[in-house]
Amino acid sequence: MALDIQQENSENIAFISVPQDTADKLEELRQKLLSTYCEYDSILSAADNNAAAADALMVEKGLCTEVELLKIYTGVFGLAMPDEDLIVSPERFAGVSAEYLSENGIVPAQWDDETLKVYASNPYKLAQNSYFTLRQYKKNMEFVLIRRTLLERLINSVYKDAEEVQTLDADSEDALRSMAGEARIVRMVNDIFSRAVELSASDIHMEPGEDRVVVRCRVDGVLTEILSAPIRDFPAIASRIKLISGLNIAESRLPQDGRTTFQLGRTELDMRVSTIPILTGESIVLRLLNKASVAYDLRALGMSQTMLNDFNELIQIPHGMILVVGPTGSGKTTTLYSVINQLNDQKRKIITVEDPVEYQMPGLCQMQVNSQIGVDFASGLRSIVRQDPDVILVGEIRDRETADIAINAALTGHLVLSTLHTNDAVGAVTRLIDMNVEGFLVASALFGVMSQRLVRKVCTVCNGSGKDGSGNRCRNCNGTGFRGRTGIYEFLRVNDELREAISHNQPSSVLEKIAVKNGMKTLLEDGKDKVAAGITTAEELLRSTAEG
């Protein structure tokens, strides 16, 4: 969209000649927003019929994301969505202030003697003759619509010097609350959440350094940087996170843990928040549990059909112990909840004890470990057994006491599901014996072990190249060549031969030979099958199995 600047009588102000159809486009834009968001009419009234303020209020309230708004803006005006990888910090344009640019939602991007390209976040300003103030310039102007948060980030990095920012007393709770409530900070934090959701991230890591705060997201198990901001913004960002998660905003010397549900457009995020003090401030990690994106379905986890059939048959046993093992972040909890979801009906009483409760599921009695009041896995499990459950889920077996109670429950008529941190399936047996559980008890109670890892899947749009048909960055995988993850599995089903070997405390090497002889496919073999099928790559398989 190119607009001409016409010099008026005042030599200090240049005015834009607005195209004739701009008013029609703005009316189309308002109607589009009204029809898209059912609450937009009430939001518009709350914003005194100021459309730009109403749009900002929708984002702040989490009714939509900036990306959703920008798609509507660019669609109505016939513009392409900008590639943010190509947007770099511009040079400082003389004669304009950060305050003016922020108020009008614009940043000069590139210029020469004839043309000025401007990044703009507020399309409504295009309809105002006094859209852009420049001193003694007369140029053709080209506008690129971008997200408000990105625009403010550019303004802050180019036009706001560190000495211009007042330093607030970090020990003052009122000051921290004031900073956390600034519209700029609210938008920045919402933008971080939005970008994490767009990337399907599982975690957000906020790490303050000496002069910058870096925000990274874990996407498909790998960390990637999404934002770097001046360190002066960190107290406000940290306070905003603490406020929405119910933490003490004035406490930065002690670790804190919290949980909150956050509405982001049509997405509801269940977030676990953890803070720890570090030398440069606080490290903040948010675990994102996107309820809409989690499907507790064993069929969607990536098991082969043969393995899935065998596992489905196993989980129907009325009593006994089934373990899911693997390192942290290998998807064990998702597998257990998929089992629970399949077993969850009116005929069964299902009770869980977890640390913490990650997913809340209707029909279950879920108990959370609280070490501060003496509720650990062992005491919680001991109480659960008295509740006459059919199925018990224990978040993790960490010690002998928990193991003894779980095995006793499995031997006395309960189906017990739990996890262990071991590298392979037979390692679960040796781990229990290392906890001083008698081998004959393990042999009697244990019916099966599922060992697993997660591997990244090759992007189905770019086929792993990271580029689209035009040679640009693939938007589906963000240029990584991977999108989403699937599991690789090793399923050990305990038969009579294995029970005999376990009872006699045979080493894991002997147990594995017996298991393989009886048809167990190893993790590496299952992974090679997925490489052959084009689901993942050999390099990704090596990375995943090496990390375990």
# chains A, B, ... in the order shown; residues from 1 in each chain; ligands from 1
>>> residues_around(residues="Met303 of chain A", least_positions_apart="5", cutoff="9 Å", atoms="only C-alpha atoms", output="NGL selection string")
:A and (298 or 308 or 486-489 or 526)
>>> write_last_selection(atoms="N, CA, C and O atoms", output="PDB file, in the first residue's frame")
ATOM      1  N   LEU A 298      -4.058 -43.855  23.045  1.00  0.00           N
ATOM      2  CA  LEU A 298      -2.922 -44.743  22.797  1.00  0.00           C
ATOM      3  C   LEU A 298      -2.631 -44.890  21.306  1.00  0.00           C
ATOM      4  O   LEU A 298      -1.478 -45.062  20.902  1.00  0.00           O
ATOM      5  N   LEU A 308       0.670 -52.158  19.858  1.00  0.00           N
ATOM      6  CA  LEU A 308      -0.535 -51.550  20.422  1.00  0.00           C
ATOM      7  C   LEU A 308      -1.546 -52.618  20.816  1.00  0.00           C
ATOM      8  O   LEU A 308      -2.164 -52.537  21.887  1.00  0.00           O
ATOM      9  N   THR A 486       6.906 -38.099  17.978  1.00  0.00           N
ATOM     10  CA  THR A 486       6.254 -39.395  18.132  1.00  0.00           C
ATOM     11  C   THR A 486       7.128 -40.257  19.031  1.00  0.00           C
ATOM     12  O   THR A 486       8.293 -39.924  19.287  1.00  0.00           O
ATOM     13  N   GLY A 487       6.590 -41.356  19.508  1.00  0.00           N
ATOM     14  CA  GLY A 487       7.345 -42.207  20.414  1.00  0.00           C
ATOM     15  C   GLY A 487       8.032 -43.360  19.704  1.00  0.00           C
ATOM     16  O   GLY A 487       7.582 -43.828  18.657  1.00  0.00           O
ATOM     17  N   ILE A 488       9.154 -43.791  20.276  1.00  0.00           N
ATOM     18  CA  ILE A 488       9.724 -45.087  19.918  1.00  0.00           C
ATOM     19  C   ILE A 488       9.648 -45.926  21.192  1.00  0.00           C
ATOM     20  O   ILE A 488       9.847 -45.415  22.302  1.00  0.00           O
ATOM     21  N   TYR A 489       9.362 -47.218  21.035  1.00  0.00           N
ATOM     22  CA  TYR A 489       8.960 -48.013  22.192  1.00  0.00           C
ATOM     23  C   TYR A 489       9.685 -49.361  22.257  1.00  0.00           C
ATOM     24  O   TYR A 489      10.138 -49.902  21.237  1.00  0.00           O
ATOM     25  N   ASP A 526      12.757 -50.360  16.952  1.00  0.00           N
ATOM     26  CA  ASP A 526      11.520 -49.626  16.673  1.00  0.00           C
ATOM     27  C   ASP A 526      11.829 -48.291  16.009  1.00  0.00           C
ATOM     28  O   ASP A 526      11.129 -47.862  15.089  1.00  0.00           O
TER      29      ASP A 526
END
>>> select_by_dssp(residues="segment 46-255 of chain A", states="strand (DSSP E or B)", output="PyMOL selection string")
chain A and resi 106-111+115-120+140-145+203-208+212-219+222-230
>>> closest_residue(among="A:Ala56, A:Ile106, A:Thr260, A:Leu145", to="Leu70 of chain A", atoms="only C-alpha atoms")
A:Leu145
>>> residues_around(residues="Asn344 of chain A", least_positions_apart="6", cutoff="9 Å", atoms="only C-alpha atoms", output="PDB file with N, CA, C and O atoms, in the first residue's frame")
ATOM      1  N   ILE A 350     -10.937 -45.187  39.933  1.00  0.00           N
ATOM      2  CA  ILE A 350      -9.548 -44.881  39.589  1.00  0.00           C
ATOM      3  C   ILE A 350      -9.061 -43.734  40.473  1.00  0.00           C
ATOM      4  O   ILE A 350      -9.680 -42.668  40.513  1.00  0.00           O
ATOM      5  N   PRO A 362     -11.838 -35.679  34.188  1.00  0.00           N
ATOM      6  CA  PRO A 362     -13.088 -36.026  34.855  1.00  0.00           C
ATOM      7  C   PRO A 362     -13.208 -37.527  35.087  1.00  0.00           C
ATOM      8  O   PRO A 362     -12.741 -38.329  34.289  1.00  0.00           O
ATOM      9  N   GLY A 363     -13.837 -37.886  36.200  1.00  0.00           N
ATOM     10  CA  GLY A 363     -14.045 -39.285  36.520  1.00  0.00           C
ATOM     11  C   GLY A 363     -12.972 -39.900  37.387  1.00  0.00           C
ATOM     12  O   GLY A 363     -13.116 -41.036  37.842  1.00  0.00           O
ATOM     13  N   LEU A 364     -11.871 -39.150  37.614  1.00  0.00           N
ATOM     14  CA  LEU A 364     -10.781 -39.647  38.448  1.00  0.00           C
ATOM     15  C   LEU A 364     -10.782 -38.964  39.802  1.00  0.00           C
ATOM     16  O   LEU A 364     -11.241 -37.824  39.940  1.00  0.00           O
TER      17      LEU A 364
END
>>> closest_residue(among="A:Ile351, A:Ala54, A:Leu101, A:Ala300", to="Arg485 of chain A", atoms="only C-alpha atoms")
A:Ala300
